[in-house]
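Visitor: Please read through the structure below; I'll follow up with questions.
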Amino acid sequence: MRLHGIKVAHHKRTADCAPERLAVPPYVTIPMSMHIGKPARVIVQKGDEVKVGQLIGEADGFVSSNIHASVSGEVRQIKEMLNAHGQKVPCVVIESDGRQTLCEKLSPPRVTDFDSFVKAVKESGVVGLGGAGFPSFVKLHVYDLSAVEAVVINAAECEPYITSDTRTMIDKGEYVFQGIEAMRRFMGIKRFIIGIEDNKRKAIARMKALAEQTEGVEVHVLPSQYPQGGEKVLVYHTMGRMIPKGGLPLDVGAVVVNVSTLSFIAEYLAAGQPLVEKCLTVDGSAVKTPKNVIAPIGMSIRDLIEAAGGLRCEPSKVLYGGPMMGIAVPSMDEPVLKNTNALIFMDEKEAALPKTTACIGCGTCAAHCPFRLDPRAIAQAYRLGDGAALKKLCVDLCMECGCCSYVCPAHRPLVQTNVLGKGKLKEYLFSQQAQQKEQTKAKQHRDKQEREAKK
Amino acid sequence: MSKLIASVSPHFFSRRTTRTIMLDVIIALLPAAIASVVHFGWRSLLVIGVCVASCVVSEWAFEKCCRRENTLGDLSAIVTGLLLAYNLPVTVPVWQAIFGSVVAIIVVKQLFGGIGQNFANPAVTARIVLLVAFSGSMTNWVQPHTANLPDVVSSATPLVAAAKGTTAMMPSYGELLLGQHAGCLGETCALALLLGGVYLLVRRVITWHTPICYLATVALLSLLCGKDALYQLLSGGLLLGAVFMATDYATTPSTPWGKVIFGCGCGLITVLIRFWGNLPEGVSYSILLMNILTPYINRLTRRRPLTGGVKP
């Protein structure tokens, strides 16, 4: 059985564009939070000289990530900036000297066993490059390695426009397989599954050719159906197992790694250069020449698009990531992040928001939900503030892939009501817990009184 | 520098809207309109025009009066008008057609909250209201010009003929398929309706579940009762109802199994009315009755979310 999804125009017109390295920008703004978890702690000061690859933000707490300078130059400012999520994040602004002097401390890490492997991954500053931005070392730091049956390498790249993973597979295929070797050696995993959508013929050919020379690597060619690259969807379609609600891939014996993340880990093991630049797709209706570029992390979107050939017209919407789950940036001054795999510039026509009309009860939303949720019922339960109904409808299962909103003929904001429903459900569960606590407390109190009365 | 739009994802949308869906339904209904003009003459075009116009005007006027947003752009009023006209005999007085349209749009649709909120199919309910209120003019059937029968002013529909057992009046399968028999102006030509149904299926506006289950149930039960199944399928308003009215989104279940139940239920009620009821035809009543059950069927057949475990 296949999970539901949608057919959405691919727009993969940059698949044949080998990434082009952009000129060093005059300055970069590097936020201390480009990952899920606690922001990194700034360890440089205004006026410091920094070099490429030098640590400027240290992982703070267990789920956090190291951050490195992407240009050489002088730290001009350490300021708070609003990111695309509306959070205030400390940022390090570095003025580039244009020389890109490498930090002399950089050298390939010494990796001999699992612990040193995880430590190296942590030091590289790599996070989930598919877009999620979850610190990779946390994911790889598996307590019980025997529970891992297979590593699923996410190369589906199901979002329209984006081809940066495709390019990774074509241009850096050998690194992907070196990454596989490293995971085999240091984590003792035997089975590797590469899941690719069937619209990437060149990448599939390359992966298949390399897989023939390596034992234990399977290339699964999957139909191009969004959201094929969703973690749960991919694990289900490759291993036939559904990750339980609220669970992790590990619960079904899988570790899921994005293909670019894996290739970067191998590169780091070989050369020791931390994550300071990113290959990303620049596309969209407002772009003059769609292409793939390699840009230093922290380069502002404005500088990037100028260096990448400019815009055809004033953009109405700019996205981090693809059009299905990407985040609209509030300003062109926002920087390129570690997990930015694409920048989509939409012109007025492409960005036009469709008008929301009344629900006609067609049920198309439910028919396309990969997890068989009923967004219409969820929206209603949310409107009524019915926490119990939201719990029954499993709203917390929603991964916000956007299929429901995409297909809705009335263009109702169903993903939004799902997200709001999740919040409502949390509130409800919290109040239930509090209620239960109070009840047990009251019962204890009553029991105590009764006991005392008996005495 | 203009401001950037910062909306939530997704940023792509399917091109299908309520309007394009309704447009597809209108296109699917066109062959039957052509057939009705061929069979019953230009007056059928007048009836269609009156129904569509009065539905549109009713919707516009009601929304104007209630200061609601104008929804004429979704074209649903036109679909209701067409379906209502198809359910009327060509001889229907114009004022009755207007009355039916007002009932359909204002009473059945708008008073319940407009598009998507009504629990009963507007065209079906309006037809039933007209049938009860003006049973004389609503059953004043004439033979089409194209029928190979002597000129008669008034005549019986195939189902009436079958019920009365007047085999002389019963048309052949070919005549049923082409619509050369008495009946409501849009329901007679089975071929045109099937064509429309195929178009809707191809365009994925409807799924096969409801029409196939509806027709299969009627055919099966007819066979069991020793009747001519094909004759039952091709006569009366069955095809019009199964393809266009039992597949209305708002008033019928949205889950696949719900559609199966809905179709089978409609088939059962239709057969019960046709064979044992007082009336020769039961399609409208069956759809209306099943409309009422729709919320329950929806709840009963809601699919369980995939919360995890091994591949089923």
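If you're wondering about the labels, chains in the structure tokens are A, B, ... by order shown, residues count from 1 in each chain, ligands from 1 in order shown.
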Can you work out which residues from chain A touch chain B at a cut-off of 7 Å (counting only C-alpha atoms) and hand them back as a PyMOL selection string?
Guide: chain A and resi 240-245+316-317+323-331+358-363+371-373+394+402+405-407+409-410
Visitor: Show which residues sit within 7 Å of range 29-35 of chain B, as a ChimeraX atom specification. Count only C-alpha atoms, and ignore same-chain residues fewer than 6 positions away.
Guide: /B:186,189,192-193,196
Visitor: Could you tell me which of A:Ser64, A:Thr357, A:Ser96, A:Thr261 comes closest to Asn70 in chain B if we count only C-alpha atoms?
Guide: A:Thr357
Visitor: So which one's closest to Val94 in chain B, B:Val50, B:Ala161, B:Val25, B:Leu230? Using only C-alpha atoms, please.
Guide: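 That would be B:Val50, the residue with the smallest distance to Val94 in chain B.
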Visitor: Counting only C-alpha atoms, what is within 12 Å of Asp228 in chain B, bar same-chain residues fewer than 3 positions away, as a CSV table (one decimal) with N, CA and C atoms, in the first residue's frame?
Guide:
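Writing the result to result_15.csv gives the following:
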```
chain,number,residue,atom,x,y,z
B,159,LEU,N,-41.5,4.3,-16.9
B,159,LEU,CA,-41.8,3.7,-15.6
B,159,LEU,C,-43.2,3.5,-15.3
B,162,ALA,N,-44.4,0.7,-17.3
B,162,ALA,CA,-44.0,-0.6,-16.7
B,162,ALA,C,-44.8,-0.9,-15.5
B,170,MET,N,-44.3,0.8,-23.8
B,170,MET,CA,-43.0,0.7,-23.4
B,170,MET,C,-41.9,0.8,-24.5
B,172,SER,N,-38.2,0.8,-26.5
B,172,SER,CA,-37.2,-0.2,-26.6
B,172,SER,C,-35.9,0.3,-25.9
B,173,TYR,N,-34.9,-0.6,-25.7
B,173,TYR,CA,-33.7,-0.1,-25.1
B,173,TYR,C,-33.0,1.0,-25.9
B,218,VAL,N,-29.6,-1.1,-7.9
B,218,VAL,CA,-30.9,-1.2,-8.6
B,218,VAL,C,-30.9,-2.4,-9.5
B,219,ALA,N,-29.8,-2.6,-10.3
B,219,ALA,CA,-29.8,-3.7,-11.2
B,219,ALA,C,-30.0,-5.0,-10.5
B,220,LEU,N,-29.2,-5.2,-9.4
B,220,LEU,CA,-29.3,-6.5,-8.7
B,220,LEU,C,-30.6,-6.8,-8.1
B,221,LEU,N,-31.2,-5.7,-7.5
B,221,LEU,CA,-32.5,-5.9,-6.8
B,221,LEU,C,-33.6,-6.1,-7.9
B,222,SER,N,-33.5,-5.5,-9.0
B,222,SER,CA,-34.4,-5.6,-10.1
B,222,SER,C,-34.4,-7.1,-10.6
B,223,LEU,N,-33.2,-7.6,-10.8
B,223,LEU,CA,-33.0,-9.0,-11.2
B,223,LEU,C,-33.7,-9.9,-10.2
B,224,LEU,N,-33.4,-9.7,-8.9
B,224,LEU,CA,-33.9,-10.5,-7.8
B,224,LEU,C,-35.5,-10.5,-7.8
B,225,CYS,N,-36.0,-9.3,-8.2
B,225,CYS,CA,-37.5,-9.2,-8.2
B,225,CYS,C,-38.1,-9.6,-9.5
B,231,TYR,N,-33.9,-2.2,-18.3
B,231,TYR,CA,-35.0,-1.2,-18.5
B,231,TYR,C,-35.0,-0.3,-17.3
B,232,GLN,N,-34.9,-0.9,-16.1
B,232,GLN,CA,-34.9,-0.1,-14.9
B,232,GLN,C,-33.8,0.9,-14.8
B,233,LEU,N,-32.6,0.5,-15.3
B,233,LEU,CA,-31.5,1.4,-15.2
B,233,LEU,C,-31.6,2.6,-16.1
B,234,LEU,N,-32.2,2.3,-17.3
B,234,LEU,CA,-32.2,3.4,-18.3
B,234,LEU,C,-33.4,4.3,-18.2
B,235,SER,N,-34.4,3.9,-17.4
B,235,SER,CA,-35.6,4.7,-17.4
B,235,SER,C,-35.7,5.5,-16.1
B,275,PHE,N,-41.0,-0.5,-7.0
B,275,PHE,CA,-41.7,-1.8,-7.1
B,275,PHE,C,-42.9,-1.9,-6.1
```
Visitor: From a backbone DSSP assignment, name each residue in range 1-49 of chain B labelled alpha helix (DSSP H), as a PyMOL selection string.
Guide: chain B and resi 18-40+42-49
Visitor: Restricting the output to N, CA and C atoms, write the selected residues as an mmCIF file, in the first residue's frame.
Guide:
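Final output, saved to part05.cif:
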```cif
data_model
loop_
_atom_site.group_PDB
_atom_site.id
_atom_site.type_symbol
_atom_site.label_atom_id
_atom_site.label_comp_id
_atom_site.auth_asym_id
_atom_site.auth_seq_id
_atom_site.Cartn_x
_atom_site.Cartn_y
_atom_site.Cartn_z
ATOM 1 N N THR B 18 -13.524 25.753 -6.469
ATOM 2 C CA THR B 18 -14.950 25.444 -6.487
ATOM 3 C C THR B 18 -15.524 25.805 -7.863
ATOM 4 N N ARG B 19 -15.065 26.941 -8.389
ATOM 5 C CA ARG B 19 -15.555 27.419 -9.677
ATOM 6 C C ARG B 19 -15.222 26.444 -10.809
ATOM 7 N N THR B 20 -13.983 25.942 -10.844
ATOM 8 C CA THR B 20 -13.629 25.030 -11.939
ATOM 9 C C THR B 20 -14.385 23.710 -11.804
ATOM 10 N N ILE B 21 -14.639 23.285 -10.564
ATOM 11 C CA ILE B 21 -15.408 22.051 -10.362
ATOM 12 C C ILE B 21 -16.823 22.229 -10.906
ATOM 13 N N MET B 22 -17.438 23.366 -10.536
ATOM 14 C CA MET B 22 -18.809 23.620 -10.991
ATOM 15 C C MET B 22 -18.853 23.764 -12.518
ATOM 16 N N LEU B 23 -17.796 24.361 -13.070
ATOM 17 C CA LEU B 23 -17.725 24.509 -14.522
ATOM 18 C C LEU B 23 -17.685 23.133 -15.186
ATOM 19 N N ASP B 24 -16.929 22.215 -14.569
ATOM 20 C CA ASP B 24 -16.868 20.853 -15.102
ATOM 21 C C ASP B 24 -18.246 20.200 -15.057
ATOM 22 N N VAL B 25 -18.980 20.423 -13.965
ATOM 23 C CA VAL B 25 -20.319 19.832 -13.859
ATOM 24 C C VAL B 25 -21.228 20.412 -14.942
ATOM 25 N N ILE B 26 -21.108 21.721 -15.156
ATOM 26 C CA ILE B 26 -21.937 22.356 -16.191
ATOM 27 C C ILE B 26 -21.621 21.747 -17.565
ATOM 28 N N ILE B 27 -20.328 21.583 -17.838
ATOM 29 C CA ILE B 27 -19.930 20.988 -19.121
ATOM 30 C C ILE B 27 -20.504 19.579 -19.239
ATOM 31 N N ALA B 28 -20.444 18.831 -18.132
ATOM 32 C CA ALA B 28 -20.943 17.457 -18.157
ATOM 33 C C ALA B 28 -22.447 17.417 -18.361
ATOM 34 N N LEU B 29 -23.132 18.497 -17.969
ATOM 35 C CA LEU B 29 -24.592 18.524 -18.111
ATOM 36 C C LEU B 29 -25.026 18.968 -19.512
ATOM 37 N N LEU B 30 -24.102 19.520 -20.284
ATOM 38 C CA LEU B 30 -24.481 20.078 -21.589
ATOM 39 C C LEU B 30 -25.056 19.053 -22.580
ATOM 40 N N PRO B 31 -24.452 17.842 -22.713
ATOM 41 C CA PRO B 31 -25.030 16.890 -23.676
ATOM 42 C C PRO B 31 -26.514 16.634 -23.418
ATOM 43 N N ALA B 32 -26.885 16.559 -22.147
ATOM 44 C CA ALA B 32 -28.289 16.305 -21.830
ATOM 45 C C ALA B 32 -29.159 17.492 -22.244
ATOM 46 N N ALA B 33 -28.608 18.699 -22.146
ATOM 47 C CA ALA B 33 -29.367 19.882 -22.565
ATOM 48 C C ALA B 33 -29.618 19.826 -24.064
ATOM 49 N N ILE B 34 -28.571 19.454 -24.809
ATOM 50 C CA ILE B 34 -28.715 19.355 -26.268
ATOM 51 C C ILE B 34 -29.761 18.298 -26.615
ATOM 52 N N ALA B 35 -29.656 17.154 -25.921
ATOM 53 C CA ALA B 35 -30.607 16.070 -26.175
ATOM 54 C C ALA B 35 -32.028 16.535 -25.887
ATOM 55 N N SER B 36 -32.211 17.318 -24.825
ATOM 56 C CA SER B 36 -33.569 17.748 -24.471
ATOM 57 C C SER B 36 -34.139 18.672 -25.545
ATOM 58 N N VAL B 37 -33.289 19.512 -26.123
ATOM 59 C CA VAL B 37 -33.776 20.402 -27.188
ATOM 60 C C VAL B 37 -34.150 19.572 -28.415
ATOM 61 N N VAL B 38 -33.323 18.573 -28.720
ATOM 62 C CA VAL B 38 -33.607 17.715 -29.870
ATOM 63 C C VAL B 38 -34.939 16.991 -29.672
ATOM 64 N N HIS B 39 -35.147 16.476 -28.466
ATOM 65 C CA HIS B 39 -36.332 15.650 -28.234
ATOM 66 C C HIS B 39 -37.590 16.461 -27.969
ATOM 67 N N PHE B 40 -37.449 17.535 -27.202
ATOM 68 C CA PHE B 40 -38.659 18.231 -26.756
ATOM 69 C C PHE B 40 -38.828 19.623 -27.356
ATOM 70 N N TRP B 42 -37.739 23.667 -28.583
ATOM 71 C CA TRP B 42 -37.121 24.849 -28.000
ATOM 72 C C TRP B 42 -37.679 25.192 -26.633
ATOM 73 N N ARG B 43 -38.872 24.674 -26.291
ATOM 74 C CA ARG B 43 -39.419 25.022 -24.983
ATOM 75 C C ARG B 43 -38.528 24.505 -23.848
ATOM 76 N N SER B 44 -37.838 23.405 -24.095
ATOM 77 C CA SER B 44 -36.962 22.895 -23.033
ATOM 78 C C SER B 44 -35.849 23.895 -22.736
ATOM 79 N N LEU B 45 -35.402 24.571 -23.785
ATOM 80 C CA LEU B 45 -34.382 25.599 -23.581
ATOM 81 C C LEU B 45 -34.949 26.750 -22.748
ATOM 82 N N LEU B 46 -36.218 27.048 -22.974
ATOM 83 C CA LEU B 46 -36.874 28.101 -22.188
ATOM 84 C C LEU B 46 -36.917 27.703 -20.711
ATOM 85 N N VAL B 47 -37.324 26.443 -20.459
ATOM 86 C CA VAL B 47 -37.405 25.978 -19.065
ATOM 87 C C VAL B 47 -36.023 26.040 -18.415
ATOM 88 N N ILE B 48 -35.009 25.567 -19.131
ATOM 89 C CA ILE B 48 -33.646 25.594 -18.582
ATOM 90 C C ILE B 48 -33.234 27.032 -18.282
ATOM 91 N N GLY B 49 -33.481 27.902 -19.243
ATOM 92 C CA GLY B 49 -33.105 29.304 -19.082
ATOM 93 C C GLY B 49 -33.794 29.941 -17.889
#
```
Visitor: What is the CA of Asn258 in chain A-CA of Arg184 in chain A distance in Å, reported with one decimal?
Guide: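 These two atoms are separated by 16.2 Å.
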Visitor: Select, from A:Asp113, A:Glu95, A:Glu104, A:Glu174, the residue with the minimum atom-to-atom distance to Met299 in chain A, counting only C-alpha atoms.
Guide: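 Ranked by minimum distance to Met299 in chain A, first place goes to A:Glu95.
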Visitor: CA of Ala77 in chain B to CA of Gln380 in chain A: how many Å, to one decimal?
Guide: 25.6 Å
